[in-house]
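S.K.: For reference, the file run07.csv (CSV, C-alpha atoms and all ligand atoms) is included below:
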```csv
chain,number,residue,atom,x,y,z
A,25,MET,CA,-83.0,136.1,69.1
A,26,ARG,CA,-79.8,138.2,68.8
A,27,ARG,CA,-79.4,140.5,65.9
A,28,SER,CA,-76.4,138.6,64.4
A,29,ALA,CA,-78.3,135.3,64.6
A,30,MET,CA,-81.3,136.9,62.9
A,31,ALA,CA,-79.0,138.3,60.2
A,32,SER,CA,-77.3,135.0,59.6
A,33,LYS,CA,-80.7,133.2,59.4
A,34,LEU,CA,-81.9,135.8,56.9
A,35,LYS,CA,-78.8,135.4,54.8
A,36,ARG,CA,-79.3,131.6,54.8
A,37,LEU,CA,-82.9,132.1,53.7
A,38,ILE,CA,-81.9,134.4,50.8
A,39,LEU,CA,-79.3,131.9,49.7
A,40,GLN,CA,-81.7,129.1,49.9
A,41,VAL,CA,-84.3,131.0,47.8
A,42,ALA,CA,-81.6,131.9,45.2
A,43,ALA,CA,-80.4,128.3,45.1
A,44,GLY,CA,-84.0,127.1,44.7
A,45,VAL,CA,-84.6,129.5,41.7
A,46,LEU,CA,-81.5,128.2,40.0
A,47,TYR,CA,-82.3,124.6,40.8
A,48,TYR,CA,-86.0,124.6,39.8
A,49,THR,CA,-85.4,126.5,36.6
A,50,GLY,CA,-82.8,123.9,35.5
A,51,ALA,CA,-79.9,126.4,35.5
A,52,PHE,CA,-77.5,124.0,37.3
A,53,ARG,CA,-78.2,121.2,34.9
A,54,LEU,CA,-77.9,123.5,32.0
A,55,ARG,CA,-74.5,124.7,33.2
A,56,LEU,CA,-73.3,121.2,33.6
A,57,TYR,CA,-74.6,120.2,30.1
A,58,PHE,CA,-73.0,123.3,28.6
A,59,ARG,CA,-69.6,122.5,30.1
A,60,ARG,CA,-69.7,118.9,29.0
A,61,ALA,CA,-71.4,119.1,25.6
A,62,VAL,CA,-70.4,122.5,24.3
A,63,LEU,CA,-67.1,123.3,26.0
A,64,HIS,CA,-66.1,119.6,26.0
A,65,LYS,CA,-64.8,119.8,29.5
A,66,ARG,CA,-63.8,116.5,31.0
A,67,GLU,CA,-64.3,117.0,34.7
A,68,ILE,CA,-64.8,114.9,37.8
A,69,CYS,CA,-66.4,116.2,41.0
A,70,VAL,CA,-64.5,114.9,44.1
A,71,LEU,CA,-66.6,115.3,47.2
A,72,GLY,CA,-64.7,115.6,50.6
A,73,LEU,CA,-66.5,114.5,53.7
A,74,HIS,CA,-65.4,113.7,57.2
A,75,ARG,CA,-67.9,112.6,59.8
A,76,VAL,CA,-71.5,111.2,59.3
A,77,LEU,CA,-73.3,111.2,62.6
A,78,SER,CA,-76.5,109.5,63.9
A,79,PRO,CA,-78.4,111.6,66.5
A,80,GLU,CA,-76.9,109.5,69.3
A,81,GLU,CA,-73.4,110.0,67.9
A,82,GLU,CA,-73.9,113.7,67.4
A,83,ALA,CA,-74.9,114.1,71.1
A,84,GLN,CA,-71.6,112.6,72.1
A,85,ALA,CA,-69.3,114.2,69.5
A,86,ASN,CA,-67.1,117.2,70.0
A,87,SER,CA,-66.2,117.9,66.4
A,88,LEU,CA,-66.5,121.4,64.8
A,89,PRO,CA,-69.6,121.8,62.6
A,90,GLY,CA,-67.4,122.1,59.5
A,91,ILE,CA,-66.6,118.4,59.4
A,92,VAL,CA,-70.1,117.0,60.3
A,93,LEU,CA,-73.0,115.7,58.2
A,94,ARG,CA,-76.1,114.3,59.8
A,95,GLU,CA,-77.1,110.7,59.0
A,96,ALA,CA,-80.5,111.7,57.5
A,97,THR,CA,-78.9,114.4,55.4
A,98,PHE,CA,-76.2,112.0,54.1
A,99,ALA,CA,-78.8,109.4,53.3
A,100,GLN,CA,-80.8,111.8,51.1
A,101,MET,CA,-77.7,113.3,49.6
A,102,LEU,CA,-76.5,109.8,48.5
A,103,GLU,CA,-79.9,109.2,46.8
A,104,PHE,CA,-79.6,112.5,45.0
A,105,ILE,CA,-76.0,111.9,43.9
A,106,LYS,CA,-76.8,108.4,42.7
A,107,ARG,CA,-79.6,109.8,40.5
A,108,HIS,CA,-77.7,112.7,39.0
A,109,TYR,CA,-74.0,111.5,39.0
A,110,ARG,CA,-72.0,108.5,38.0
A,111,VAL,CA,-70.1,107.6,41.1
A,112,VAL,CA,-66.7,106.2,40.2
A,113,SER,CA,-64.1,104.2,42.1
A,114,LEU,CA,-60.5,105.3,42.5
A,115,PRO,CA,-59.2,103.1,39.5
A,116,GLU,CA,-62.0,104.6,37.4
A,117,PHE,CA,-61.1,108.1,38.5
A,118,LEU,CA,-57.5,107.3,37.5
A,119,GLY,CA,-58.7,106.3,34.1
A,120,GLU,CA,-57.7,102.6,34.4
A,121,ILE,CA,-61.1,101.0,34.3
A,122,GLU,CA,-63.9,101.8,31.9
A,123,ASP,CA,-67.1,101.6,33.9
A,124,ASP,CA,-70.4,100.8,32.2
A,125,GLY,CA,-72.4,103.6,33.9
A,126,ASP,CA,-74.6,106.2,32.2
A,127,ARG,CA,-72.1,108.4,30.2
A,128,SER,CA,-74.6,111.2,30.0
A,129,LEU,CA,-74.1,111.9,33.7
A,130,PRO,CA,-71.2,113.8,35.3
A,131,CYS,CA,-68.7,111.7,37.3
A,132,CYS,CA,-68.2,112.0,41.0
A,133,LEU,CA,-65.8,110.4,43.5
A,134,LEU,CA,-66.8,110.3,47.2
A,135,THR,CA,-64.0,110.7,49.7
A,136,PHE,CA,-63.8,110.7,53.5
A,137,ASP,CA,-60.8,112.1,55.5
A,138,ASP,CA,-59.3,110.9,58.8
A,139,GLY,CA,-61.1,107.5,59.3
A,140,TRP,CA,-63.7,108.4,62.0
A,141,ARG,CA,-65.5,105.4,63.5
A,142,ASP,CA,-68.9,106.8,62.3
A,143,ASN,CA,-67.7,106.1,58.8
A,144,TYR,CA,-68.3,102.4,59.7
A,145,THR,CA,-71.3,102.7,62.0
A,146,THR,CA,-73.3,105.3,60.1
A,147,ALA,CA,-72.0,106.1,56.7
A,148,TYR,CA,-71.1,102.6,55.6
A,149,PRO,CA,-74.6,101.0,56.0
A,150,LEU,CA,-76.0,103.8,53.9
A,151,LEU,CA,-73.3,103.5,51.2
A,152,LYS,CA,-73.9,99.7,51.1
A,153,LYS,CA,-77.7,100.2,50.8
A,154,SER,CA,-77.3,102.6,47.9
A,155,GLY,CA,-74.6,100.6,46.2
A,156,VAL,CA,-72.3,103.6,46.3
A,157,GLY,CA,-68.5,103.2,47.0
A,158,GLY,CA,-66.1,105.7,48.5
A,159,VAL,CA,-62.5,106.2,49.5
A,160,ILE,CA,-61.5,106.7,53.1
A,161,PHE,CA,-58.2,108.4,53.8
A,162,LEU,CA,-56.8,106.9,57.1
A,163,ILE,CA,-54.6,108.6,59.8
A,164,THR,CA,-52.9,105.3,60.5
A,165,GLY,CA,-51.5,106.2,63.9
A,166,LEU,CA,-55.1,106.7,65.2
A,167,VAL,CA,-56.7,103.5,63.8
A,168,GLY,CA,-57.5,101.1,66.5
A,169,GLY,CA,-56.5,103.4,69.3
A,170,SER,CA,-58.3,105.3,72.0
A,171,GLU,CA,-56.6,108.6,71.4
A,172,THR,CA,-58.8,111.4,70.3
A,173,PHE,CA,-57.9,114.0,67.7
A,174,TRP,CA,-56.5,117.1,69.5
A,175,VAL,CA,-59.3,119.5,68.2
A,176,GLU,CA,-62.0,117.3,69.8
A,177,ARG,CA,-60.0,117.0,73.1
A,178,LEU,CA,-59.7,120.7,73.2
A,179,LYS,CA,-63.4,121.3,72.4
A,180,ARG,CA,-64.4,118.9,75.1
A,181,ALA,CA,-62.2,120.7,77.7
A,182,CYS,CA,-63.5,124.1,76.6
A,183,SER,CA,-67.2,123.1,77.0
A,184,ASP,CA,-66.6,123.5,80.8
A,185,PRO,CA,-66.8,127.3,81.4
A,186,SER,CA,-64.2,127.4,84.2
A,187,ARG,CA,-61.7,125.4,82.1
A,188,TRP,CA,-62.5,127.5,79.0
A,189,GLN,CA,-61.4,130.7,81.0
A,190,ARG,CA,-58.2,129.0,82.1
A,191,ILE,CA,-57.5,127.6,78.6
A,192,LYS,CA,-58.0,131.1,77.1
A,193,GLU,CA,-55.5,132.7,79.5
A,194,CYS,CA,-53.0,129.9,79.1
A,195,TYR,CA,-53.3,130.2,75.3
A,196,GLN,CA,-52.7,133.9,75.3
A,197,HIS,CA,-49.8,133.4,77.7
A,198,SER,CA,-48.2,130.6,75.6
A,199,LEU,CA,-48.3,132.7,72.4
A,200,GLY,CA,-47.4,135.9,74.2
A,201,THR,CA,-50.6,137.6,72.9
A,202,GLN,CA,-52.7,140.1,74.8
A,203,CYS,CA,-55.7,139.9,72.6
A,204,HIS,CA,-59.1,139.9,74.3
A,205,GLY,CA,-62.2,138.2,72.9
A,206,VAL,CA,-60.3,135.2,71.5
A,207,ASP,CA,-62.7,132.5,70.5
A,208,PHE,CA,-62.4,128.7,70.2
A,209,ASP,CA,-62.2,128.6,66.4
A,210,GLU,CA,-59.4,131.2,66.4
A,211,ILE,CA,-57.4,129.0,68.9
A,212,VAL,CA,-57.9,125.9,66.7
A,213,GLU,CA,-56.9,127.8,63.5
A,214,SER,CA,-53.7,129.1,65.1
A,215,LEU,CA,-52.8,125.7,66.5
A,216,LYS,CA,-53.3,124.1,63.1
A,217,HIS,CA,-50.7,126.3,61.5
A,218,MET,CA,-47.6,125.2,63.4
A,219,SER,CA,-45.4,122.1,63.5
A,220,ALA,CA,-46.7,119.1,65.5
A,221,LYS,CA,-43.9,119.6,68.0
A,222,GLU,CA,-44.8,123.2,68.7
A,223,ARG,CA,-48.5,122.4,68.9
A,224,GLY,CA,-47.8,119.5,71.3
A,225,LYS,CA,-46.1,121.9,73.7
A,226,VAL,CA,-48.9,124.4,73.6
A,227,LEU,CA,-51.6,121.7,74.0
A,228,ALA,CA,-49.7,120.1,76.9
A,229,GLY,CA,-50.1,123.5,78.7
A,230,LEU,CA,-53.7,124.0,77.7
A,231,LEU,CA,-54.9,120.5,78.5
A,232,SER,CA,-52.7,119.9,81.6
A,233,GLN,CA,-55.7,119.2,83.7
A,234,ASP,CA,-57.4,117.0,81.2
A,235,ALA,CA,-58.4,113.6,82.6
A,236,LYS,CA,-57.2,110.5,80.8
A,237,GLU,CA,-59.4,109.5,77.9
A,238,ASP,CA,-62.2,107.2,78.7
A,239,SER,CA,-62.3,105.4,75.4
A,240,ALA,CA,-65.6,103.6,76.0
A,241,ARG,CA,-67.4,106.9,76.4
A,242,ASN,CA,-65.4,108.8,73.8
A,243,GLY,CA,-67.8,110.1,71.2
A,244,ASP,CA,-64.9,111.0,68.9
A,245,ARG,CA,-63.4,107.5,68.2
A,246,MET,CA,-61.6,106.5,65.1
A,247,LEU,CA,-62.0,103.2,63.1
A,248,GLU,CA,-60.7,99.8,64.3
A,249,TRP,CA,-58.7,97.7,61.8
A,250,GLU,CA,-61.4,95.0,61.9
A,251,GLU,CA,-63.9,97.6,60.7
A,252,VAL,CA,-61.6,98.8,58.0
A,253,ALA,CA,-61.1,95.2,56.8
A,254,ALA,CA,-64.9,94.6,56.8
A,255,MET,CA,-65.5,97.7,54.7
A,256,GLN,CA,-62.7,96.8,52.3
A,257,ARG,CA,-64.3,93.4,51.7
A,258,GLU,CA,-67.4,95.3,50.5
A,259,GLY,CA,-65.5,97.6,48.1
A,260,ILE,CA,-64.7,100.6,50.2
A,261,GLU,CA,-61.2,101.8,49.3
A,262,PHE,CA,-58.6,102.9,51.9
A,263,GLU,CA,-55.8,105.3,51.1
A,264,ALA,CA,-53.3,107.4,53.2
A,265,HIS,CA,-53.7,110.6,55.2
A,266,THR,CA,-50.3,110.4,57.2
A,267,VAL,CA,-49.6,108.7,60.5
A,268,THR,CA,-50.3,111.6,62.9
A,269,HIS,CA,-52.0,114.3,60.7
A,270,PRO,CA,-49.4,117.1,60.9
A,271,LEU,CA,-49.8,119.9,58.4
A,272,LEU,CA,-46.9,118.9,56.2
A,273,VAL,CA,-45.8,122.4,55.2
A,274,TYR,CA,-44.7,123.1,58.8
A,275,GLU,CA,-42.6,119.9,59.1
A,276,ASP,CA,-39.1,119.2,58.0
A,277,GLU,CA,-38.4,116.9,55.0
A,278,ALA,CA,-37.4,113.9,57.1
A,279,CYS,CA,-40.7,114.1,59.0
A,280,VAL,CA,-42.8,114.5,55.8
A,281,ARG,CA,-41.1,111.4,54.2
A,282,ARG,CA,-41.7,109.4,57.4
A,283,GLU,CA,-45.4,110.3,57.5
A,284,LEU,CA,-45.9,109.5,53.9
A,285,VAL,CA,-43.9,106.2,53.8
A,286,ALA,CA,-45.0,104.8,57.1
A,287,SER,CA,-48.7,105.4,56.6
A,288,ARG,CA,-48.6,103.8,53.2
A,289,GLN,CA,-46.6,100.8,54.5
A,290,VAL,CA,-49.1,100.2,57.4
A,291,ILE,CA,-52.1,100.2,55.1
A,292,GLU,CA,-50.5,97.9,52.6
A,293,ALA,CA,-49.4,95.4,55.3
A,294,ARG,CA,-52.8,95.5,57.0
A,295,LEU,CA,-55.0,95.3,54.0
A,296,GLY,CA,-52.8,93.5,51.4
A,297,LYS,CA,-53.4,96.2,48.8
A,298,LYS,CA,-51.3,98.9,47.0
A,299,VAL,CA,-51.8,102.4,48.4
A,300,ARG,CA,-52.0,104.8,45.5
A,301,ALA,CA,-53.6,108.0,46.8
A,302,PHE,CA,-52.9,110.6,49.5
A,303,ALA,CA,-55.0,113.4,51.0
A,304,TYR,CA,-53.0,116.3,52.5
A,305,PRO,CA,-53.9,116.9,56.1
A,306,ASN,CA,-56.2,120.0,56.2
A,307,GLY,CA,-55.7,120.1,52.5
A,308,THR,CA,-52.5,122.1,53.1
A,309,TRP,CA,-49.7,121.6,50.6
A,310,ASN,CA,-46.8,123.5,48.9
A,311,GLU,CA,-44.6,122.6,45.9
A,312,LYS,CA,-42.0,121.0,48.1
A,313,VAL,CA,-44.5,118.7,49.8
A,314,ARG,CA,-46.2,117.9,46.6
A,315,ASN,CA,-42.9,116.8,45.0
A,316,ILE,CA,-42.1,114.6,48.0
A,317,VAL,CA,-45.6,112.9,47.8
A,318,ARG,CA,-44.8,112.0,44.2
A,319,GLU,CA,-41.3,110.8,45.0
A,320,CYS,CA,-42.7,108.6,47.7
A,321,GLY,CA,-44.6,106.6,45.1
A,322,TYR,CA,-48.1,107.9,45.4
A,323,GLU,CA,-50.0,108.3,42.1
A,324,CYS,CA,-52.3,111.1,43.1
A,325,ALA,CA,-53.0,113.5,46.0
A,326,PHE,CA,-56.1,115.4,47.0
A,327,THR,CA,-56.2,119.0,48.4
A,328,THR,CA,-59.2,120.9,49.8
A,329,GLU,CA,-59.0,123.6,47.2
A,330,ARG,CA,-62.5,124.1,45.8
A,331,GLY,CA,-63.4,123.0,42.3
A,332,TRP,CA,-63.8,120.1,39.9
A,333,TYR,CA,-60.8,118.1,38.7
A,334,SER,CA,-60.2,118.5,35.0
A,335,LEU,CA,-58.8,115.2,33.5
A,336,GLY,CA,-55.2,115.7,32.4
A,337,LYS,CA,-54.4,118.3,35.0
A,338,ASP,CA,-51.8,117.8,37.8
A,339,ARG,CA,-52.7,114.6,39.7
A,340,PHE,CA,-51.0,115.8,42.9
A,341,THR,CA,-53.1,118.8,43.5
A,342,ILE,CA,-56.6,117.5,42.9
A,343,PRO,CA,-59.3,119.9,44.1
A,344,ARG,CA,-62.3,118.7,46.1
A,345,ILE,CA,-65.6,120.1,47.2
A,346,LEU,CA,-65.9,119.8,51.0
A,347,LEU,CA,-69.4,119.3,52.4
A,348,HIS,CA,-70.8,119.7,55.8
A,349,GLU,CA,-74.3,120.0,57.2
A,350,ALA,CA,-74.9,123.8,56.9
A,351,GLN,CA,-74.0,123.7,53.2
A,352,VAL,CA,-76.5,121.0,52.2
A,353,ALA,CA,-79.3,121.4,54.7
A,354,GLY,CA,-81.9,124.1,54.5
A,355,ILE,CA,-83.2,126.3,57.3
A,356,ASN,CA,-85.8,123.6,58.1
A,357,GLY,CA,-82.8,121.3,58.9
A,358,ARG,CA,-83.6,119.0,55.9
A,359,PHE,CA,-81.4,118.1,52.9
A,360,SER,CA,-81.8,120.6,50.1
A,361,PRO,CA,-80.9,119.4,46.6
A,362,ALA,CA,-80.8,123.1,45.6
A,363,LEU,CA,-78.2,124.0,48.2
A,364,LEU,CA,-76.1,120.9,47.3
A,365,SER,CA,-76.3,121.9,43.6
A,366,LEU,CA,-75.2,125.4,44.4
A,367,ARG,CA,-72.3,124.1,46.4
A,368,LEU,CA,-71.3,121.7,43.6
A,369,SER,CA,-71.6,124.4,41.0
A,370,GLY,CA,-68.7,126.3,42.7
A,371,TRP,CA,-70.8,129.4,43.0
A,372,ARG,CA,-70.7,129.2,46.7
A,401,ZN,ZN,-57.7,115.2,57.9
```
Can you dump the structure from the file as structure tokens?
Ligand SMILES: [Zn+2]

M.R.:
Amino acid sequence: MRRSAMASKLKRLILQVAAGVLYYTGAFRLRLYFRRAVLHKREICVLGLHRVLSPEEEAQANSLPGIVLREATFAQMLEFIKRHYRVVSLPEFLGEIEDDGDRSLPCCLLTFDDGWRDNYTTAYPLLKKSGVGGVIFLITGLVGGSETFWVERLKRACSDPSRWQRIKECYQHSLGTQCHGVDFDEIVESLKHMSAKERGKVLAGLLSQDAKEDSARNGDRMLEWEEVAAMQREGIEFEAHTVTHPLLVYEDEACVRRELVASRQVIEARLGKKVRAFAYPNGTWNEKVRNIVRECGYECAFTTERGWYSLGKDRFTIPRILLHEAQVAGINGRFSPALLSLRLSGWR
């Protein structure tokens, strides 16, 4: 085992032991109780998830680990959340409906970004079984299509060593950089932080030899409208996450308005419901974008800034706690309530 891998494993072990001590001594529960009963904080924990994959789906998927939870981990996590939190719907979150749940428990809202197909095939049966609801933020331009998200297309192309070499060179050439040792995550991060038009140009060069998508074998598919409708009938809520997922801070105002208005209109027309909430792509926002979201008629918007939402605070910059496998599974690969509690406490 390489030294860096050993160091990272040791770090995870130490973190898990520390989380275990805090969890089994009741420190997390005491902290929550103190904030609610003594400081009278009225807070809701909003969880941000993306993909939930069965072992078969995981073998086919090309997503970065930062957006993936395994099916078994998710199932156990749901049971834990159901026991220790009062899971609320969006109207309950917005304070419009009084639910009759256990008021001694902290509140939690479950959200999923993008609208991956595994939300239907893998997450939804588990949500249904546990009687827990959730909100899925859809990228409307990708629903029902065979097009894959650009990150997954790039990852798939880079998994071929000869293409990876060519893509690296092409990337350095297109950005005029000379840097050596560039890695995949670095390329993705830099491509995220530009307008969709600029990114499209760079990607066209990087993926010029990419074969046409074979949608039947595509392990990174998005939801179909029929699947969305079926989940809506069972109480899953659908809200907007733009049409094409640009990072809105890099787009001009006309584009931002188009993305916000069109995604809302499509969901409203397809599902016969009012769209009220928005999730910023990549969680990225600024004051200007925030104001346009409000002007476009949304009632609230979710970021990826870490923390619990305090009732009464700005509804257009609601923080969330993003979760992926490494944050909630221990070194034995199984769900760890201690690690989840540590993550939810905001201490990590
Ligand atoms: Zn997204």

S.K.: Using all atoms listed in the file, find each protein or nucleic acid residue lying at most 6 Å from ligand ZN 401 (chain A); present the set as a PDB file with C-alpha atoms, keeping the file's coordinate frame.

M.R.:
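Saved as selection-v2.pdb:
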```pdb
ATOM      1  CA  ASP A 137     -60.800 112.100  55.500  1.00  0.00           C
ATOM      2  CA  ASP A 138     -59.300 110.900  58.800  1.00  0.00           C
ATOM      3  CA  PRO A 305     -53.900 116.900  56.100  1.00  0.00           C
ATOM      4  CA  ASN A 306     -56.200 120.000  56.200  1.00  0.00           C
TER       5      ASN A 306
END
```

S.K.: Name the residues in contact with Thr308 (chain A) at a cut-off of 12 Å, using only C-alpha atoms, excluding same-chain residues fewer than 3 positions from it; report them as a ChimeraX atom specification.

M.R.: /A:216-218,265,269-275,303-305,311-314,325-329,341-343

S.K.: Within 7 Å of region 156-161 of chain A, counting all atoms listed in the file, which residues show up once you throw out same-chain ones fewer than 3 positions away? Write them as a list in words, please.

M.R.: Val111, Ser113, Leu133, Leu134, Thr135, Phe136, Asp137, Asp138, Gly139, Leu151, Lys152, Gly259, Ile260, Glu261, Phe262, Glu263, Ala264, His265 and Ala303 of chain A

S.K.: Store the residues picked out above in a file with C-alpha atoms, as an mmCIF file, in the coordinates of the input.

M.R.:
```cif
data_model
loop_
_atom_site.group_PDB
_atom_site.id
_atom_site.type_symbol
_atom_site.label_atom_id
_atom_site.label_comp_id
_atom_site.auth_asym_id
_atom_site.auth_seq_id
_atom_site.Cartn_x
_atom_site.Cartn_y
_atom_site.Cartn_z
ATOM 1 C CA VAL A 111 -70.100 107.600 41.100
ATOM 2 C CA SER A 113 -64.100 104.200 42.100
ATOM 3 C CA LEU A 133 -65.800 110.400 43.500
ATOM 4 C CA LEU A 134 -66.800 110.300 47.200
ATOM 5 C CA THR A 135 -64.000 110.700 49.700
ATOM 6 C CA PHE A 136 -63.800 110.700 53.500
ATOM 7 C CA ASP A 137 -60.800 112.100 55.500
ATOM 8 C CA ASP A 138 -59.300 110.900 58.800
ATOM 9 C CA GLY A 139 -61.100 107.500 59.300
ATOM 10 C CA LEU A 151 -73.300 103.500 51.200
ATOM 11 C CA LYS A 152 -73.900 99.700 51.100
ATOM 12 C CA GLY A 259 -65.500 97.600 48.100
ATOM 13 C CA ILE A 260 -64.700 100.600 50.200
ATOM 14 C CA GLU A 261 -61.200 101.800 49.300
ATOM 15 C CA PHE A 262 -58.600 102.900 51.900
ATOM 16 C CA GLU A 263 -55.800 105.300 51.100
ATOM 17 C CA ALA A 264 -53.300 107.400 53.200
ATOM 18 C CA HIS A 265 -53.700 110.600 55.200
ATOM 19 C CA ALA A 303 -55.000 113.400 51.000
#
```

S.K.: Go through A:Ala181, A:Cys320, A:Cys131, A:Ile291 one by one, measure the shortest atom-to-atom distance of each to Ala253 (chain A) using only C-alpha atoms, and give the residue with the smallest value.

M.R.: A:Ile291

S.K.: Neighbours of region 220-230 of chain A within 12 Å (all atoms listed in the file; same-chain residues fewer than 5 positions away dropped), as a PyMOL selection string?

M.R.: chain A and resi 173-175+177-179+181-182+187-200+211-215+267-276+279-280+283

S.K.: Any idea what's packed within 12 Å of Tyr144 (chain A), counting only C-alpha atoms, ignoring anything in its chain fewer than 3 positions away? Could you give it as a ChimeraX atom specification?

M.R.: /A:74-78,136,139-141,147-152,158,160,245-256,258,260

S.K.: Can you work out which one of A:Thr146, A:Gly243, A:Val290, A:Gln40 has the shortest atom-to-atom distance to Glu82 (chain A), counting all atoms listed in the file?

M.R.: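 Nearest candidate to Glu82 (chain A) out of A:Thr146, A:Gly243, A:Val290, A:Gln40: A:Gly243.
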
S.K.: Go through A:Met101, A:Lys33, A:Leu54, A:Gly90 and flag the residue nearest Ser360 (chain A), using only C-alpha atoms for the distances.

M.R.: A:Met101

S.K.: At what distance in Å, to one decimal, does CA of Glu323 (chain A) lie from CA of Glu292 (chain A)?

M.R.: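 So the two atoms, CA of Glu292 (chain A) and CA of Glu323 (chain A), lie 14.8 Å apart.
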
S.K.: Suppose you want the space between CA of Ala286 (chain A) and CA of Thr266 (chain A); what is it in Å?

M.R.: 7.7 Å

S.K.: At what distance in Å, to one decimal, does CA of Arg282 (chain A) lie from CA of Val317 (chain A)?

M.R.: 10.9 Å

S.K.: The centre and edge lengths of an axis-aligned box containing all atoms of region 277-295 of chain A present in the file, extended by 3 Å on each side, are to be given in Å to one decimal, as lines of an AutoDock Vina configuration file.

M.R.:
```
center_x = -46.2
center_y = 106.1
center_z = 55.8
size_x = 23.6
size_y = 27.6
size_z = 12.4
```

S.K.: For each of A:Leu34, A:Leu366, A:Cys324, A:Val70, take the minimum atom-to-atom distance to Arg53 (chain A), counting all atoms listed in the file, then give the residue where this is smallest.

M.R.: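 Distance minimum relative to Arg53 (chain A) lands on A:Leu366.
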
S.K.: Find, counting all atoms listed in the file, the residue in A:Leu118, A:Leu295, A:Ala42, A:Leu93 that gets nearest to Asp142 (chain A).

M.R.: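 Of the candidates, the smallest distance to Asp142 (chain A) is held by A:Leu93.
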
S.K.: At a cut-off of 12 Å around the point (-69.7, 106.8, 37.2) (file coordinates), what residues fall inside when counting only C-alpha atoms? I'd like the answer as a PyMOL selection string.

M.R.: chain A and resi 67-70+105-117+119+121-134+155-158

S.K.: Please dump the current selection as a compact mmCIF listing (two decimals), keeping the file's coordinate frame; keep C-alpha atoms.

M.R.:
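Result went into result10.txt, see below:
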```txt
# COMPACT_ATOMS: atom_id res chain seq x y z
CA GLU A 67 -64.30 117.00 34.70
CA ILE A 68 -64.80 114.90 37.80
CA CYS A 69 -66.40 116.20 41.00
CA VAL A 70 -64.50 114.90 44.10
CA ILE A 105 -76.00 111.90 43.90
CA LYS A 106 -76.80 108.40 42.70
CA ARG A 107 -79.60 109.80 40.50
CA HIS A 108 -77.70 112.70 39.00
CA TYR A 109 -74.00 111.50 39.00
CA ARG A 110 -72.00 108.50 38.00
CA VAL A 111 -70.10 107.60 41.10
CA VAL A 112 -66.70 106.20 40.20
CA SER A 113 -64.10 104.20 42.10
CA LEU A 114 -60.50 105.30 42.50
CA PRO A 115 -59.20 103.10 39.50
CA GLU A 116 -62.00 104.60 37.40
CA PHE A 117 -61.10 108.10 38.50
CA GLY A 119 -58.70 106.30 34.10
CA ILE A 121 -61.10 101.00 34.30
CA GLU A 122 -63.90 101.80 31.90
CA ASP A 123 -67.10 101.60 33.90
CA ASP A 124 -70.40 100.80 32.20
CA GLY A 125 -72.40 103.60 33.90
CA ASP A 126 -74.60 106.20 32.20
CA ARG A 127 -72.10 108.40 30.20
CA SER A 128 -74.60 111.20 30.00
CA LEU A 129 -74.10 111.90 33.70
CA PRO A 130 -71.20 113.80 35.30
CA CYS A 131 -68.70 111.70 37.30
CA CYS A 132 -68.20 112.00 41.00
CA LEU A 133 -65.80 110.40 43.50
CA LEU A 134 -66.80 110.30 47.20
CA GLY A 155 -74.60 100.60 46.20
CA VAL A 156 -72.30 103.60 46.30
CA GLY A 157 -68.50 103.20 47.00
CA GLY A 158 -66.10 105.70 48.50
```
